[in-house]
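*Asks:* Handing you this structure, nothing more for now.
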Amino acid sequence: MPFDDTVITCPWVRERVDDYVDGADGGLAPEERAAVARHAGACASCRAEIDAADAVLRELRAFPLFEAPDAVIAGAQSALAGERVLLFPGRSRGPAAIARWIPAAAAAAAIIALVATARWSDPVRTARGSLAEARVERAARETFFALSYVNRYARMTGRIVTTDVIEKRLVGTMERAVDREVMDRGVTPPLRRAMGRSGIVETESPLERS
Amino acid sequence: MSGEFQRLAREHGGRIYSFALHALRSREDAEDVTQEVLIRLWRCRETIDPAKLHAWVTRVTRNLVIDASRRRRMRATVIADGADVELVADLVADGAAETDRAERSELRACLESAVAELDEPYRSIVIMREIQDRSYNEIAEAMEMPLGTVKVYLHRARRRLRDRVRKELGHAVR
């Protein structure tokens, strides 16, 4: 039964604009659809609203769909097979994200800087302290840079970077660059807070859980 | 494992990655989410009802996308607090994304941002319905919502997107 067009108002049409442009699946009965079309034919404002909704919907439906990158599938497979994948500190990248060396290496930026500050706050040690702080800052910066670089390399090439490589090439290098005394102080509450601020969380690997 | 994992990954990977990429607008974050979903899918494959597999995958993907959005907000805070913002920005900036953006139409660029910035559950429903062309029933199952509720959310989401486009582009929408 057709609608009585005299009772069809702009608000009534506006409520149905999305369903109208959505097509058959939108839920408008044929007579409602016809009523909207008739109203829009005579009302420029509602016609504009329908055109805008239609343009938005067409654009959304033209958004591209993607396949999962091969490197991602390979990474998942490797992780399941027990390998670890490098990821940026503070990010969660699947099981590998979680390799335990990450706190040791990446957190160094926050940890060693704070330890150094605390250790050499004594005025007697000020001269040595400023030197140590400079070294610590440089090492922290370089560590951060190196991690980012390796992570980016891993992403671009789809290669898996295993923990032994990281420990040999990065952690070892960093340790040599920084006074071991500083590292030996351990993680104090301020350091723990700094780690938290840096988004560094020590998490159990799902691989180890299973 | 290799053959069956590949089959599962190929079957679901695209849908997972597309959902995550449109929701997060970050290739790296979308890759993380995809990898994690594929791992969980493989681990749980024998306990999932095959009839509900797609809904399961969508649900897990959506949950991880929401987690990733939260973590990203936290990361942004950390970077803002950090001493070397310039270095961080330089390291993580994805130059290709900027180039891509310049090549897209204004409307596309505006809608990409608008979709990603919708609150949940609007964002997930819009992506599933408008971008991935999922049926209302599929969406209702994945979201664990009544069909009518999905339609109401979609209706509101479309209106928000239209308002955003109108606000940003004015009369450019035809």
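Letters A, B, ... go to the chains of the structure tokens in the order shown; residues in each chain start at 1; ligands are counted from 1 in the same order.
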Excluding range 45-60 of chain B and any residue of its chain fewer than 6 positions from it, enumerate the residues within 10 Å of it, using only C-alpha atoms, and give them as a list in words.

*Replies:*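 Everything that qualifies: Leu8, His12, Gly13, Arg15, Ile16, Phe19, Val33, Glu36, Val37, Leu38, Ile39, Ile66, Ser124, Met128, Glu138, Ile139, Ala140, Glu141, Ala142, Met143 and Glu144 of chain B.
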
*Asks:* Kindly save the residues from that selection, with N, CA and C atoms included, as a PDB file, in the first residue's frame.

*Replies:*
ATOM      1  N   LEU B   8      45.234 -21.801   6.519  1.00  0.00           N
ATOM      2  CA  LEU B   8      44.460 -20.998   7.470  1.00  0.00           C
ATOM      3  C   LEU B   8      44.830 -19.523   7.365  1.00  0.00           C
ATOM      4  N   HIS B  12      42.268 -16.447   6.246  1.00  0.00           N
ATOM      5  CA  HIS B  12      41.793 -15.417   7.187  1.00  0.00           C
ATOM      6  C   HIS B  12      42.676 -14.176   7.236  1.00  0.00           C
ATOM      7  N   GLY B  13      43.922 -14.328   6.792  1.00  0.00           N
ATOM      8  CA  GLY B  13      44.885 -13.236   6.978  1.00  0.00           C
ATOM      9  C   GLY B  13      44.456 -11.917   6.358  1.00  0.00           C
ATOM     10  N   ARG B  15      41.467 -10.743   5.667  1.00  0.00           N
ATOM     11  CA  ARG B  15      40.361 -10.094   6.374  1.00  0.00           C
ATOM     12  C   ARG B  15      40.853  -9.474   7.695  1.00  0.00           C
ATOM     13  N   ILE B  16      41.718 -10.208   8.367  1.00  0.00           N
ATOM     14  CA  ILE B  16      42.263  -9.703   9.638  1.00  0.00           C
ATOM     15  C   ILE B  16      43.087  -8.436   9.384  1.00  0.00           C
ATOM     16  N   PHE B  19      40.999  -5.396   8.269  1.00  0.00           N
ATOM     17  CA  PHE B  19      40.256  -4.825   9.404  1.00  0.00           C
ATOM     18  C   PHE B  19      41.203  -3.992  10.258  1.00  0.00           C
ATOM     19  N   VAL B  33      48.917  -7.065  14.906  1.00  0.00           N
ATOM     20  CA  VAL B  33      47.618  -7.665  15.225  1.00  0.00           C
ATOM     21  C   VAL B  33      47.407  -8.927  14.395  1.00  0.00           C
ATOM     22  N   GLU B  36      49.456 -11.854  15.618  1.00  0.00           N
ATOM     23  CA  GLU B  36      48.963 -12.396  16.889  1.00  0.00           C
ATOM     24  C   GLU B  36      47.671 -13.189  16.690  1.00  0.00           C
ATOM     25  N   VAL B  37      46.779 -12.677  15.836  1.00  0.00           N
ATOM     26  CA  VAL B  37      45.521 -13.406  15.600  1.00  0.00           C
ATOM     27  C   VAL B  37      45.815 -14.750  14.941  1.00  0.00           C
ATOM     28  N   LEU B  38      46.731 -14.750  13.985  1.00  0.00           N
ATOM     29  CA  LEU B  38      47.056 -16.009  13.297  1.00  0.00           C
ATOM     30  C   LEU B  38      47.637 -17.029  14.282  1.00  0.00           C
ATOM     31  N   ILE B  39      48.441 -16.550  15.188  1.00  0.00           N
ATOM     32  CA  ILE B  39      49.022 -17.460  16.184  1.00  0.00           C
ATOM     33  C   ILE B  39      47.916 -18.036  17.084  1.00  0.00           C
ATOM     34  N   ILE B  66      41.555  -3.080  19.583  1.00  0.00           N
ATOM     35  CA  ILE B  66      41.238  -2.164  20.692  1.00  0.00           C
ATOM     36  C   ILE B  66      42.447  -2.048  21.633  1.00  0.00           C
ATOM     37  N   SER B 124      34.201  -0.692  14.392  1.00  0.00           N
ATOM     38  CA  SER B 124      34.220  -2.090  13.933  1.00  0.00           C
ATOM     39  C   SER B 124      33.046  -2.376  13.007  1.00  0.00           C
ATOM     40  N   MET B 128      33.308  -3.537   9.097  1.00  0.00           N
ATOM     41  CA  MET B 128      32.758  -4.828   8.652  1.00  0.00           C
ATOM     42  C   MET B 128      31.677  -4.650   7.596  1.00  0.00           C
ATOM     43  N   GLU B 138      26.226 -11.596  10.001  1.00  0.00           N
ATOM     44  CA  GLU B 138      27.622 -11.898  10.340  1.00  0.00           C
ATOM     45  C   GLU B 138      28.137 -10.911  11.397  1.00  0.00           C
ATOM     46  N   ILE B 139      27.797  -9.642  11.177  1.00  0.00           N
ATOM     47  CA  ILE B 139      28.271  -8.613  12.111  1.00  0.00           C
ATOM     48  C   ILE B 139      27.671  -8.845  13.497  1.00  0.00           C
ATOM     49  N   ALA B 140      26.381  -9.139  13.506  1.00  0.00           N
ATOM     50  CA  ALA B 140      25.704  -9.365  14.790  1.00  0.00           C
ATOM     51  C   ALA B 140      26.359 -10.529  15.534  1.00  0.00           C
ATOM     52  N   GLU B 141      26.710 -11.564  14.792  1.00  0.00           N
ATOM     53  CA  GLU B 141      27.325 -12.728  15.429  1.00  0.00           C
ATOM     54  C   GLU B 141      28.719 -12.380  15.958  1.00  0.00           C
ATOM     55  N   ALA B 142      29.488 -11.687  15.124  1.00  0.00           N
ATOM     56  CA  ALA B 142      30.854 -11.342  15.542  1.00  0.00           C
ATOM     57  C   ALA B 142      30.850 -10.384  16.726  1.00  0.00           C
ATOM     58  N   MET B 143      29.899  -9.468  16.732  1.00  0.00           N
ATOM     59  CA  MET B 143      29.861  -8.474  17.808  1.00  0.00           C
ATOM     60  C   MET B 143      29.080  -8.970  19.020  1.00  0.00           C
ATOM     61  N   GLU B 144      28.451 -10.117  18.877  1.00  0.00           N
ATOM     62  CA  GLU B 144      27.598 -10.661  19.933  1.00  0.00           C
ATOM     63  C   GLU B 144      26.543  -9.643  20.349  1.00  0.00           C
TER      64      GLU B 144
END

*Asks:* Counting only C-alpha atoms, which residues of chain B come no farther than 8 Å from chain A, as an MDAnalysis selection string?

*Replies:* chainID B and resid 2 5:6 9:10 13:18 31:36 38:39 71 74:75 78 91:92 107:108 111 130:133 155 158 161:162 173:174

*Asks:* State, in Å with one decimal place, the distance from CA of Ala157 in chain B to CA of Ala23 in chain B.

*Replies:* 13.9 Å

*Asks:* Ranking B:Leu21, B:Leu154, B:Cys44, B:Leu147 by minimum distance to Pro121 in chain B and counting only C-alpha atoms, which one comes first?

*Replies:* B:Leu154

*Asks:* Grab the CA of Glu168 in chain B to CA of Val115 in chain B distance for me, in Å with one decimal place.

*Replies:* 13.7 Å

*Asks:* How far is it from CA of Val65 in chain B to CA of Glu106 in chain B, in Å with one decimal?

*Replies:*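 According to the coordinates, CA of Val65 in chain B and CA of Glu106 in chain B are separated by 25.6 Å.
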